[in-house]
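Beneath this line is the structure, given in structure tokens, with notes to follow.
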Amino acid sequence: MMSWLGEPLTNFLSFLSVLLLLALIKAFHKLWWTPIRIQNLMALQGIQGPSYRLIYGNTKEISNMKKEAMSRSTNLSHDIFPRVQPHIYTWTKSYGKTFLQWYGLRPILVVTEPELCKEILNNKDGVYPKQKAGDFMKKLVGDSIVITEGEKWAKLRKVSNHAFHGESLTNMFPDMITSAIAMVERWKNHEGKEIDVYKEFRLFTSEVISKTAFGSNYLEGQNIFEMMMKFYPLLSKSFLKVRFPGMSKVFRTSDEIESDKLEKGIRDSIMEMVKKREQKAVNMSGEEESLGSDFLGLLLKAHHGADKKNRISMNELVEECRTFYFAGQETTNTLLAWTVVLLGQHQDWQEEARKEVLQLFGKQNPNPDDISKLKTMSMIINETLRLYPPANPLTRRVAREVRLGKLLLPANVELLVPPLALHHDPQLWGQDAALFKPERFSEGVAKATKDNMASFMPFGLGPRMCVGINFAAIEAKIALSMILQRYSFTLSPGYIHSPSQLLAVRPQHGVRVILQSL
């Protein structure tokens, strides 16, 4: 009996040994051979970087550097690059303006040379598409315009262009004014006292988005915003975690479980809002115009359109709403907050901006025709965006072997362009790059950058530049104009300057100012 079983058992064990050997070879190839081959290939071309570490890459180093930087106290300096992105700051000093780092097994080529950045972000011939969305990006922005490519991106971009340009923006103006009036009226209770304007701007920007993009009031969207305020910090914690395939769904942390619940809650709330708008259209005999002309209405028209080829799915519609709820609020909120910090510190520029507002509008509300004439305010806003850019590092991937400048890049290497690094580069902006000097922009962005647009890209660059740039600029100018008409302000003794990057660069402890009525 044993002799009869012996040969099949031996064959089976031999088969298992072969499978195990193949698995070990495959693991060795993926975990060590491929990363070292890429590292050596780039080193032969003069590209250095921190050494690849087995499985984890440089994620532990990056995480430790960020923790150490954030633990240090800081004075009221706008030299925030070493604090917010200490790994990029340190490694550009050590390895040069272009270097290789590793997120786990993923090779990331960090590029801070303007000409190379421009080439990457303009993406001619489609060789530098958006990177394939990992778990973090899928949770962050879903199947939205931020990560889509090709025809899907073109469809979504067309809707967004329609929603945030020209006549559509003009139609949003009254709602922005109404929300700004409500904000400055609330501030009457704080005259001569301390107020955290960062929290106030969060309410203001949230209400503007609710009204202008989704046709609702703040209370209706409040639940969504509250869930988002909890969701994104939880999500950001997981960004540098190295995950093993298949294991992340088995071993789940309490943060991951909570973020999944919040993500579902956000989606369900948006779906409820969408169904309400659709039901309203049904009650009005299904007329297309009853869907509305705001962002949500345009998305619904694209979803229900007669041209099947250009329709967007319900999932795409919901993800677009979710992305704009967050990005539209976060971008303008942080822009306003940092502008107030800078004007609170530089009273001369605050007074210059106030003079301009009063000359144009007097004590009247801003109007659409004159808002674009705020030259001094535009200079101040551009300098704020230079020092505190809202854009996260911009990521792309190499679709096929290609030359970038003098470099030969293999397929699937990821590319990272950090606007903060370029905005604070003394070689591009002078030795006073960390100082607040709005006069840099007195003759416009082109002159300030010496026609090198890649040195200033707070909203990205190229065909995928943020579509909401004009929306954010008008919203910020309205709010700042109406504040300057009514109040002067100084930074409170209780203000703690602590820039931190969650998604945008935020004031970690808020922005406390002392208001004085004019």
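Each chain in the structure tokens gets a letter, A, B, ..., in the order shown, and its residues are numbered from 1; ligands are numbered from 1 in order too.
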
Residues within 10 Å of Met228 (chain A), only C-alpha atoms, excluding chain neighbours under 3 positions, as a CSV table (one decimal) with N, CA and C atoms, in the first residue's frame:
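out_28.csv was written with the following content:
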chain,number,residue,atom,x,y,z
A,222,GLN,N,-24.7,70.5,5.4
A,222,GLN,CA,-23.9,70.5,6.6
A,222,GLN,C,-23.5,69.1,7.0
A,223,ASN,N,-24.4,68.1,6.8
A,223,ASN,CA,-24.1,66.8,7.2
A,223,ASN,C,-23.0,66.2,6.3
A,224,ILE,N,-23.0,66.6,5.0
A,224,ILE,CA,-21.9,66.1,4.1
A,224,ILE,C,-20.6,66.7,4.5
A,225,PHE,N,-20.6,68.0,4.8
A,225,PHE,CA,-19.3,68.7,5.2
A,225,PHE,C,-18.8,68.1,6.5
A,231,PHE,N,-13.7,62.5,7.7
A,231,PHE,CA,-13.2,61.4,6.7
A,231,PHE,C,-11.8,61.7,6.3
A,232,TYR,N,-11.5,62.9,5.8
A,232,TYR,CA,-10.2,63.2,5.2
A,232,TYR,C,-9.0,63.1,6.1
A,233,PRO,N,-9.1,63.5,7.4
A,233,PRO,CA,-8.0,63.3,8.3
A,233,PRO,C,-7.7,61.8,8.5
A,234,LEU,N,-8.8,61.0,8.6
A,234,LEU,CA,-8.6,59.5,8.8
A,234,LEU,C,-7.9,59.0,7.6
A,259,SER,N,-13.5,55.2,8.4
A,259,SER,CA,-13.5,55.9,7.1
A,259,SER,C,-14.4,55.3,6.1
A,262,LEU,N,-17.9,56.5,6.9
A,262,LEU,CA,-18.0,57.9,6.5
A,262,LEU,C,-18.1,58.1,5.0
A,263,GLU,N,-17.3,57.3,4.3
A,263,GLU,CA,-17.4,57.4,2.8
A,263,GLU,C,-18.8,57.0,2.3
A,265,GLY,N,-21.5,57.2,4.1
A,265,GLY,CA,-22.5,58.2,4.5
A,265,GLY,C,-22.5,59.4,3.6
A,266,ILE,N,-21.3,59.8,3.1
A,266,ILE,CA,-21.1,60.9,2.2
A,266,ILE,C,-21.8,60.6,0.9
A,322,ARG,N,-18.9,64.8,-4.9
A,322,ARG,CA,-18.0,64.6,-3.7
A,322,ARG,C,-16.7,65.4,-3.8
A,325,TYR,N,-17.3,69.2,-3.5
A,325,TYR,CA,-17.7,69.5,-2.2
A,325,TYR,C,-16.4,69.7,-1.4
A,326,PHE,N,-15.4,68.8,-1.5
A,326,PHE,CA,-14.2,68.9,-0.8
A,326,PHE,C,-13.3,70.0,-1.4

* Near-Asp175 (chain A) list (9 Å; only C-alpha atoms; drop same-chain fewer than 5 positions) as an NGL selection string -> :A and (180 or 208 or 211-212)

Could you dump the residues just selected with C-alpha atoms as a PDB file, in the first residue's frame?
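What landed in result34.pdb:
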ATOM      1  CA  ALA A 180     -20.355  86.964   2.578  1.00  0.00           C
ATOM      2  CA  VAL A 208     -21.186  79.157  -1.097  1.00  0.00           C
ATOM      3  CA  LYS A 211     -25.840  77.406  -2.810  1.00  0.00           C
ATOM      4  CA  THR A 212     -23.982  77.950  -6.059  1.00  0.00           C
TER       5      THR A 212
END

* **Shortest interatomic distance to Ser179 (chain A) - which of A:Ile478, A:Leu491, A:Leu428, A:Leu317, counting only C-alpha atoms** => A:Ile478

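Interatomic distance, CA of Arg157 (chain A) against CA of Ser313 (chain A): 14.3 Å.
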
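From CA of Glu443 (chain A) back to CA of Lys375 (chain A), the distance works out to 9.6 Å.
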
* Residues near Leu416 (chain A), cut-off 10 Å, only C-alpha atoms, skip fewer than 4 positions along chain, as JSON, numbers by chain -> {"A": [98, 100, 101, 108, 109, 110, 111, 112, 117, 120, 131, 392, 393, 394, 395, 396, 397]}

Serialized selection, N, CA and C atoms, as a compact mmCIF listing (two decimals), in the first residue's frame:
# COMPACT_ATOMS: atom_id res chain seq x y z
N THR A 98 16.21 66.81 -9.20
CA THR A 98 15.46 65.61 -9.60
C THR A 98 16.09 64.42 -8.90
N LEU A 100 15.22 60.23 -6.99
CA LEU A 100 14.35 59.05 -6.93
C LEU A 100 14.09 58.68 -5.49
N GLN A 101 12.80 58.50 -5.16
CA GLN A 101 12.42 58.01 -3.83
C GLN A 101 11.45 56.86 -4.02
N ILE A 108 9.33 56.63 -7.32
CA ILE A 108 8.79 57.98 -7.52
C ILE A 108 9.93 58.91 -7.91
N LEU A 109 9.89 59.43 -9.13
CA LEU A 109 10.87 60.41 -9.55
C LEU A 109 10.32 61.79 -9.21
N VAL A 110 10.97 62.46 -8.25
CA VAL A 110 10.56 63.80 -7.82
C VAL A 110 11.26 64.81 -8.71
N VAL A 111 10.48 65.68 -9.36
CA VAL A 111 11.01 66.61 -10.35
C VAL A 111 10.70 68.04 -9.92
N THR A 112 11.74 68.87 -9.76
CA THR A 112 11.53 70.27 -9.38
C THR A 112 12.22 71.23 -10.36
N CYS A 117 9.12 69.95 -15.42
CA CYS A 117 7.76 69.96 -14.86
C CYS A 117 6.74 70.35 -15.93
N ILE A 120 6.17 67.50 -18.32
CA ILE A 120 5.36 66.43 -17.72
C ILE A 120 3.88 66.83 -17.69
N GLN A 131 -1.44 58.98 -12.74
CA GLN A 131 -1.07 57.65 -12.26
C GLN A 131 -2.32 56.83 -12.00
N ASN A 392 -1.66 69.91 -3.87
CA ASN A 392 -0.77 68.87 -3.39
C ASN A 392 0.27 68.58 -4.46
N PRO A 393 1.34 67.86 -4.12
CA PRO A 393 2.24 67.42 -5.18
C PRO A 393 1.45 66.75 -6.31
N LEU A 394 1.76 67.12 -7.53
CA LEU A 394 1.04 66.63 -8.70
C LEU A 394 1.69 65.35 -9.19
N THR A 395 0.89 64.33 -9.41
CA THR A 395 1.44 63.01 -9.75
C THR A 395 1.05 62.58 -11.15
N ARG A 396 1.99 61.98 -11.84
CA ARG A 396 1.78 61.40 -13.17
C ARG A 396 2.56 60.08 -13.21
N ARG A 397 2.40 59.35 -14.34
CA ARG A 397 3.19 58.14 -14.51
C ARG A 397 3.73 58.09 -15.94
